[in-house]
file run-v6.pdb (PDB, N, CA and C atoms)
MODEL        1
ATOM      1  N   MET A   1    -133.197 111.556-108.978
ATOM      2  CA  MET A   1    -133.208 111.826-107.553
ATOM      3  C   MET A   1    -133.625 113.274-107.324
ATOM      4  N   GLN A   2    -134.580 113.488-106.465
ATOM      5  CA  GLN A   2    -134.978 114.832-106.097
ATOM      6  C   GLN A   2    -134.291 115.211-104.799
ATOM      7  N   ALA A   3    -134.004 116.503-104.675
ATOM      8  CA  ALA A   3    -133.355 116.982-103.463
ATOM      9  C   ALA A   3    -133.910 118.339-103.084
ATOM     10  N   ASN A   4    -133.947 118.593-101.804
ATOM     11  CA  ASN A   4    -134.267 119.920-101.303
ATOM     12  C   ASN A   4    -132.943 120.638-101.133
ATOM     13  N   ILE A   5    -132.744 121.686-101.911
ATOM     14  CA  ILE A   5    -131.481 122.407-101.870
ATOM     15  C   ILE A   5    -131.720 123.788-101.280
ATOM     16  N   ALA A   6    -130.870 124.186-100.351
ATOM     17  CA  ALA A   6    -130.996 125.497 -99.723
ATOM     18  C   ALA A   6    -129.611 126.015 -99.389
ATOM     19  N   TYR A   7    -129.517 127.331 -99.260
ATOM     20  CA  TYR A   7    -128.255 127.878 -98.791
ATOM     21  C   TYR A   7    -128.549 128.904 -97.720
ATOM     22  N   ALA A   8    -127.602 129.064 -96.828
ATOM     23  CA  ALA A   8    -127.766 130.003 -95.725
ATOM     24  C   ALA A   8    -126.509 130.843 -95.602
ATOM     25  N   GLU A   9    -126.717 132.145 -95.482
ATOM     26  CA  GLU A   9    -125.597 133.052 -95.254
ATOM     27  C   GLU A   9    -125.533 133.342 -93.763
ATOM     28  N   ASP A  10    -124.351 133.260 -93.217
ATOM     29  CA  ASP A  10    -124.162 133.687 -91.841
ATOM     30  C   ASP A  10    -122.928 134.581 -91.824
ATOM     31  N   GLY A  11    -122.502 135.010 -90.706
ATOM     32  CA  GLY A  11    -121.353 135.893 -90.623
ATOM     33  C   GLY A  11    -120.053 135.239 -91.063
ATOM     34  N   GLU A  12    -120.082 133.932 -91.292
ATOM     35  CA  GLU A  12    -118.869 133.201 -91.620
ATOM     36  C   GLU A  12    -118.850 132.698 -93.052
ATOM     37  N   GLY A  13    -119.826 133.066 -93.850
ATOM     38  CA  GLY A  13    -119.845 132.649 -95.241
ATOM     39  C   GLY A  13    -121.177 132.079 -95.649
ATOM     40  N   VAL A  14    -121.137 131.205 -96.655
ATOM     41  CA  VAL A  14    -122.341 130.603 -97.222
ATOM     42  C   VAL A  14    -122.226 129.092 -97.078
ATOM     43  N   ARG A  15    -123.308 128.487 -96.671
ATOM     44  CA  ARG A  15    -123.337 127.034 -96.517
ATOM     45  C   ARG A  15    -124.418 126.469 -97.435
ATOM     46  N   LEU A  16    -124.109 125.386 -98.111
ATOM     47  CA  LEU A  16    -125.033 124.748 -99.037
ATOM     48  C   LEU A  16    -125.529 123.448 -98.414
ATOM     49  N   TYR A  17    -126.847 123.252 -98.422
ATOM     50  CA  TYR A  17    -127.465 122.078 -97.808
ATOM     51  C   TYR A  17    -128.296 121.315 -98.825
ATOM     52  N   ILE A  18    -128.273 119.997 -98.735
ATOM     53  CA  ILE A  18    -129.179 119.132 -99.485
ATOM     54  C   ILE A  18    -129.809 118.194 -98.475
ATOM     55  N   HIS A  19    -131.131 118.181 -98.465
ATOM     56  CA  HIS A  19    -131.886 117.384 -97.486
ATOM     57  C   HIS A  19    -131.412 117.679 -96.060
ATOM     58  N   ASN A  20    -131.251 118.950 -95.749
ATOM     59  CA  ASN A  20    -130.853 119.418 -94.421
ATOM     60  C   ASN A  20    -129.457 118.964 -93.986
ATOM     61  N   LYS A  21    -128.671 118.466 -94.905
ATOM     62  CA  LYS A  21    -127.302 118.060 -94.591
ATOM     63  C   LYS A  21    -126.347 119.026 -95.292
ATOM     64  N   GLU A  22    -125.447 119.621 -94.523
ATOM     65  CA  GLU A  22    -124.488 120.555 -95.110
ATOM     66  C   GLU A  22    -123.532 119.790 -96.015
ATOM     67  N   ILE A  23    -123.416 120.269 -97.269
ATOM     68  CA  ILE A  23    -122.528 119.588 -98.204
ATOM     69  C   ILE A  23    -121.356 120.453 -98.657
ATOM     70  N   ALA A  24    -121.448 121.772 -98.439
ATOM     71  CA  ALA A  24    -120.347 122.643 -98.867
ATOM     72  C   ALA A  24    -120.397 123.960 -98.110
ATOM     73  N   GLN A  25    -119.228 124.593 -97.998
ATOM     74  CA  GLN A  25    -119.092 125.915 -97.386
ATOM     75  C   GLN A  25    -118.295 126.799 -98.338
ATOM     76  N   TYR A  26    -118.681 128.057 -98.423
ATOM     77  CA  TYR A  26    -117.973 129.034 -99.246
ATOM     78  C   TYR A  26    -117.771 130.294 -98.413
ATOM     79  N   THR A  27    -116.742 131.048 -98.723
ATOM     80  CA  THR A  27    -116.463 132.254 -97.954
ATOM     81  C   THR A  27    -117.452 133.365 -98.251
ATOM     82  N   SER A  28    -118.113 133.313 -99.433
ATOM     83  CA  SER A  28    -119.084 134.345 -99.817
ATOM     84  C   SER A  28    -119.955 133.814-100.947
ATOM     85  N   VAL A  29    -121.018 134.559-101.261
ATOM     86  CA  VAL A  29    -121.863 134.203-102.398
ATOM     87  C   VAL A  29    -121.032 134.259-103.676
ATOM     88  N   THR A  30    -120.157 135.249-103.781
ATOM     89  CA  THR A  30    -119.287 135.377-104.952
ATOM     90  C   THR A  30    -118.423 134.132-105.128
ATOM     91  N   ALA A  31    -117.867 133.631-104.043
ATOM     92  CA  ALA A  31    -117.032 132.424-104.108
ATOM     93  C   ALA A  31    -117.852 131.219-104.563
ATOM     94  N   LEU A  32    -119.090 131.102-104.095
ATOM     95  CA  LEU A  32    -119.964 130.011-104.503
ATOM     96  C   LEU A  32    -120.209 130.070-106.012
ATOM     97  N   VAL A  33    -120.604 131.230-106.518
ATOM     98  CA  VAL A  33    -120.899 131.385-107.949
ATOM     99  C   VAL A  33    -119.650 131.158-108.785
ATOM    100  N   GLU A  34    -118.536 131.721-108.356
ATOM    101  CA  GLU A  34    -117.281 131.563-109.097
ATOM    102  C   GLU A  34    -116.868 130.088-109.185
ATOM    103  N   THR A  35    -116.997 129.378-108.093
ATOM    104  CA  THR A  35    -116.645 127.960-108.065
ATOM    105  C   THR A  35    -117.494 127.175-109.057
ATOM    106  N   HIS A  36    -118.785 127.451-109.084
ATOM    107  CA  HIS A  36    -119.677 126.715-109.967
ATOM    108  C   HIS A  36    -119.499 127.118-111.430
ATOM    109  N   LEU A  37    -119.184 128.372-111.685
ATOM    110  CA  LEU A  37    -118.869 128.790-113.060
ATOM    111  C   LEU A  37    -117.611 128.077-113.554
ATOM    112  N   LYS A  38    -116.597 128.003-112.714
ATOM    113  CA  LYS A  38    -115.355 127.311-113.092
ATOM    114  C   LYS A  38    -115.636 125.840-113.397
ATOM    115  N   ALA A  39    -116.454 125.197-112.577
ATOM    116  CA  ALA A  39    -116.785 123.789-112.796
ATOM    117  C   ALA A  39    -117.538 123.610-114.111
ATOM    118  N   LYS A  40    -118.473 124.495-114.381
ATOM    119  CA  LYS A  40    -119.236 124.415-115.631
ATOM    120  C   LYS A  40    -118.318 124.636-116.833
ATOM    121  N   LEU A  41    -117.400 125.589-116.725
ATOM    122  CA  LEU A  41    -116.443 125.825-117.805
ATOM    123  C   LEU A  41    -115.574 124.595-118.042
ATOM    124  N   ALA A  42    -115.160 123.965-116.962
ATOM    125  CA  ALA A  42    -114.277 122.802-117.071
ATOM    126  C   ALA A  42    -114.976 121.598-117.693
ATOM    127  N   THR A  43    -116.304 121.554-117.600
ATOM    128  CA  THR A  43    -117.040 120.394-118.101
ATOM    129  C   THR A  43    -117.806 120.681-119.388
ATOM    130  N   THR A  44    -117.629 121.861-119.950
ATOM    131  CA  THR A  44    -118.310 122.236-121.189
ATOM    132  C   THR A  44    -117.300 122.282-122.330
ATOM    133  N   SER A  45    -117.651 121.671-123.432
ATOM    134  CA  SER A  45    -116.772 121.674-124.609
ATOM    135  C   SER A  45    -116.599 123.104-125.126
ATOM    136  N   ARG A  46    -115.381 123.453-125.507
ATOM    137  CA  ARG A  46    -115.098 124.797-126.024
ATOM    138  C   ARG A  46    -115.855 125.080-127.315
ATOM    139  N   GLU A  47    -116.311 124.060-127.995
ATOM    140  CA  GLU A  47    -117.054 124.244-129.239
ATOM    141  C   GLU A  47    -118.514 124.645-128.988
ATOM    142  N   GLU A  48    -119.028 124.388-127.826
ATOM    143  CA  GLU A  48    -120.427 124.715-127.526
ATOM    144  C   GLU A  48    -120.594 126.214-127.351
ATOM    145  N   ALA A  49    -121.727 126.742-127.809
ATOM    146  CA  ALA A  49    -122.031 128.171-127.652
ATOM    147  C   ALA A  49    -122.108 128.538-126.173
ATOM    148  N   THR A  50    -122.520 127.602-125.362
ATOM    149  CA  THR A  50    -122.618 127.832-123.920
ATOM    150  C   THR A  50    -121.269 128.233-123.330
ATOM    151  N   TYR A  51    -120.208 127.643-123.840
ATOM    152  CA  TYR A  51    -118.871 127.914-123.312
ATOM    153  C   TYR A  51    -118.524 129.399-123.422
ATOM    154  N   ALA A  52    -118.761 130.007-124.572
ATOM    155  CA  ALA A  52    -118.445 131.429-124.778
ATOM    156  C   ALA A  52    -119.250 132.308-123.824
ATOM    157  N   ARG A  53    -120.526 131.979-123.641
ATOM    158  CA  ARG A  53    -121.358 132.762-122.713
ATOM    159  C   ARG A  53    -120.853 132.636-121.286
ATOM    160  N   LEU A  54    -120.500 131.434-120.874
ATOM    161  CA  LEU A  54    -119.976 131.226-119.521
ATOM    162  C   LEU A  54    -118.663 131.969-119.331
ATOM    163  N   LYS A  55    -117.804 131.943-120.335
ATOM    164  CA  LYS A  55    -116.505 132.597-120.264
ATOM    165  C   LYS A  55    -116.699 134.113-120.072
ATOM    166  N   ARG A  56    -117.651 134.695-120.803
ATOM    167  CA  ARG A  56    -117.941 136.127-120.639
ATOM    168  C   ARG A  56    -118.459 136.419-119.228
ATOM    169  N   LEU A  57    -119.342 135.576-118.732
ATOM    170  CA  LEU A  57    -119.879 135.761-117.374
ATOM    171  C   LEU A  57    -118.762 135.712-116.334
ATOM    172  N   TYR A  58    -117.873 134.741-116.482
ATOM    173  CA  TYR A  58    -116.805 134.560-115.509
ATOM    174  C   TYR A  58    -115.846 135.743-115.480
ATOM    175  N   HIS A  59    -115.631 136.375-116.613
ATOM    176  CA  HIS A  59    -114.664 137.472-116.677
ATOM    177  C   HIS A  59    -115.275 138.855-116.424
ATOM    178  N   GLN A  60    -116.573 138.912-116.104
ATOM    179  CA  GLN A  60    -117.180 140.205-115.755
ATOM    180  C   GLN A  60    -116.767 140.588-114.352
ATOM    181  N   PRO A  61    -116.553 141.890-114.131
ATOM    182  CA  PRO A  61    -116.166 142.325-112.764
ATOM    183  C   PRO A  61    -117.290 142.154-111.765
TER
ENDMDL
END
call {"tool": "encode", "arguments": {"input": "run-v6.pdb", "output": "structure tokens"}}
result
Amino acid sequence: MQANIAYAEDGEGVRLYIHNKEIAQYTSVTALVETHLKAKLATTSREEATYARLKRLYHQP
């Protein structure tokens, strides 16, 4: 399935759209990235090299 994905920042946060339909809202770009990093960490096996890289990214200030 192909999708047109876009996000828009307004004074109230970040909104994520697929095919011009809003599918998610975040309080900031940081919240959006943090949420997706957490999801990726939760779905990646700890044995994969990707997991260690994601863990380092998530814990950076």
call {"tool": "residues_around", "arguments": {"input": "run-v6.pdb", "residues": "A:His59", "least_positions_apart": "6", "cutoff": "12 Å", "atoms": "only C-alpha atoms", "output": "PyMOL selection string"}}
result
chain A and resi 34+37-38+41+52-53
call {"tool": "atom_distance", "arguments": {"input": "run-v6.pdb", "atom1": "atom CA of A:Thr43", "atom2": "atom N of A:Arg56"}}
result
14.6 Å
call {"tool": "atom_distance", "arguments": {"input": "run-v6.pdb", "atom1": "atom CA of A:Tyr17", "atom2": "atom CA of A:Leu32"}}
result
12.8 Å
call {"tool": "select_by_dssp", "arguments": {"input": "run-v6.pdb", "residues": "chain A", "states": "alpha helix (DSSP H)", "output": "number ranges by chain"}}
result
A: 29-43, 49-58
call {"tool": "axis_aligned_box", "arguments": {"input": "run-v6.pdb", "around": "stretch 34-47 of chain A", "padding_each_side": "5 Å", "output": "JSON"}}
result
{"center_x": -117.0, "center_y": 126.1, "center_z": -118.7, "size_x": 15.4, "size_y": 21.3, "size_z": 31.2}
call {"tool": "resolve_selection", "arguments": {"input": "run-v6.pdb", "expression": "the PyMOL selection byres ((chain A and resi 26-31) around 7)", "output": "JSON, numbers by chain"}}
result
{"A": [12, 13, 14, 15, 16, 24, 25, 32, 33, 34, 35, 36]}
call {"tool": "decode", "arguments": {"input": "run-v6.pdb", "residues": "chain A", "atoms": "C-alpha atoms", "output": "PDB file, in the first residue's frame"}}
result
ATOM      1  CA  MET A   1       0.000   0.000   0.000  1.00  0.00           C
ATOM      2  CA  GLN A   2       1.339   3.414  -0.912  1.00  0.00           C
ATOM      3  CA  ALA A   3       0.493   6.466   1.129  1.00  0.00           C
ATOM      4  CA  ASN A   4       1.086  10.176   0.987  1.00  0.00           C
ATOM      5  CA  ILE A   5       2.492  11.036   4.385  1.00  0.00           C
ATOM      6  CA  ALA A   6       2.874  14.601   5.625  1.00  0.00           C
ATOM      7  CA  TYR A   7       3.145  16.438   8.881  1.00  0.00           C
ATOM      8  CA  ALA A   8       2.232  19.968   9.809  1.00  0.00           C
ATOM      9  CA  GLU A   9       3.405  22.048  12.728  1.00  0.00           C
ATOM     10  CA  ASP A  10       1.046  24.617  14.126  1.00  0.00           C
ATOM     11  CA  GLY A  11       0.981  26.518  17.384  1.00  0.00           C
ATOM     12  CA  GLU A  12      -0.644  23.517  19.049  1.00  0.00           C
ATOM     13  CA  GLY A  13       1.814  20.784  18.124  1.00  0.00           C
ATOM     14  CA  VAL A  14       2.459  18.410  15.246  1.00  0.00           C
ATOM     15  CA  ARG A  15      -0.167  16.581  13.249  1.00  0.00           C
ATOM     16  CA  LEU A  16       0.525  13.526  11.094  1.00  0.00           C
ATOM     17  CA  TYR A  17      -1.557  12.938   7.953  1.00  0.00           C
ATOM     18  CA  ILE A  18      -1.901  10.012   5.555  1.00  0.00           C
ATOM     19  CA  HIS A  19      -3.866  10.649   2.374  1.00  0.00           C
ATOM     20  CA  ASN A  20      -4.963  14.021   3.797  1.00  0.00           C
ATOM     21  CA  LYS A  21      -6.546  12.342   6.824  1.00  0.00           C
ATOM     22  CA  GLU A  22      -5.177  13.237  10.249  1.00  0.00           C
ATOM     23  CA  ILE A  23      -4.042  10.073  11.996  1.00  0.00           C
ATOM     24  CA  ALA A  24      -2.055  11.368  14.980  1.00  0.00           C
ATOM     25  CA  GLN A  25      -1.252  14.464  17.040  1.00  0.00           C
ATOM     26  CA  TYR A  26       1.879  15.154  19.080  1.00  0.00           C
ATOM     27  CA  THR A  27       2.726  18.038  21.378  1.00  0.00           C
ATOM     28  CA  SER A  28       6.039  18.655  19.544  1.00  0.00           C
ATOM     29  CA  VAL A  29       8.432  17.241  16.961  1.00  0.00           C
ATOM     30  CA  THR A  30      10.448  15.840  19.878  1.00  0.00           C
ATOM     31  CA  ALA A  31       7.383  13.977  21.165  1.00  0.00           C
ATOM     32  CA  LEU A  32       6.749  12.525  17.692  1.00  0.00           C
ATOM     33  CA  VAL A  33      10.339  11.249  17.343  1.00  0.00           C
ATOM     34  CA  GLU A  34      10.452   9.951  20.913  1.00  0.00           C
ATOM     35  CA  THR A  35       7.195   8.045  20.456  1.00  0.00           C
ATOM     36  CA  HIS A  36       8.434   6.377  17.286  1.00  0.00           C
ATOM     37  CA  LEU A  37      11.833   5.535  18.790  1.00  0.00           C
ATOM     38  CA  LYS A  38      10.078   3.875  21.740  1.00  0.00           C
ATOM     39  CA  ALA A  39       7.876   1.869  19.359  1.00  0.00           C
ATOM     40  CA  LYS A  40      10.882   0.758  17.319  1.00  0.00           C
ATOM     41  CA  LEU A  41      12.730  -0.252  20.495  1.00  0.00           C
ATOM     42  CA  ALA A  42       9.719  -2.224  21.681  1.00  0.00           C
ATOM     43  CA  THR A  43       9.505  -4.144  18.400  1.00  0.00           C
ATOM     44  CA  THR A  44      13.223  -4.786  17.847  1.00  0.00           C
ATOM     45  CA  SER A  45      14.954  -7.822  19.320  1.00  0.00           C
ATOM     46  CA  ARG A  46      17.641  -6.915  21.872  1.00  0.00           C
ATOM     47  CA  GLU A  47      20.032  -9.198  19.990  1.00  0.00           C
ATOM     48  CA  GLU A  48      19.884  -7.097  16.813  1.00  0.00           C
ATOM     49  CA  ALA A  49      22.616  -4.497  16.259  1.00  0.00           C
ATOM     50  CA  THR A  50      19.851  -2.037  15.428  1.00  0.00           C
ATOM     51  CA  TYR A  51      18.611  -2.204  19.013  1.00  0.00           C
ATOM     52  CA  ALA A  52      21.878  -0.844  20.484  1.00  0.00           C
ATOM     53  CA  ARG A  53      21.941   2.025  17.975  1.00  0.00           C
ATOM     54  CA  LEU A  54      18.324   2.933  18.717  1.00  0.00           C
ATOM     55  CA  LYS A  55      18.965   2.775  22.464  1.00  0.00           C
ATOM     56  CA  ARG A  56      21.886   5.226  22.104  1.00  0.00           C
ATOM     57  CA  LEU A  57      19.746   7.575  19.993  1.00  0.00           C
ATOM     58  CA  TYR A  58      16.915   7.502  22.513  1.00  0.00           C
ATOM     59  CA  HIS A  59      19.179   8.353  25.441  1.00  0.00           C
ATOM     60  CA  GLN A  60      20.892  11.336  23.761  1.00  0.00           C
ATOM     61  CA  PRO A  61      19.909  14.718  25.195  1.00  0.00           C
TER      62      PRO A  61
END
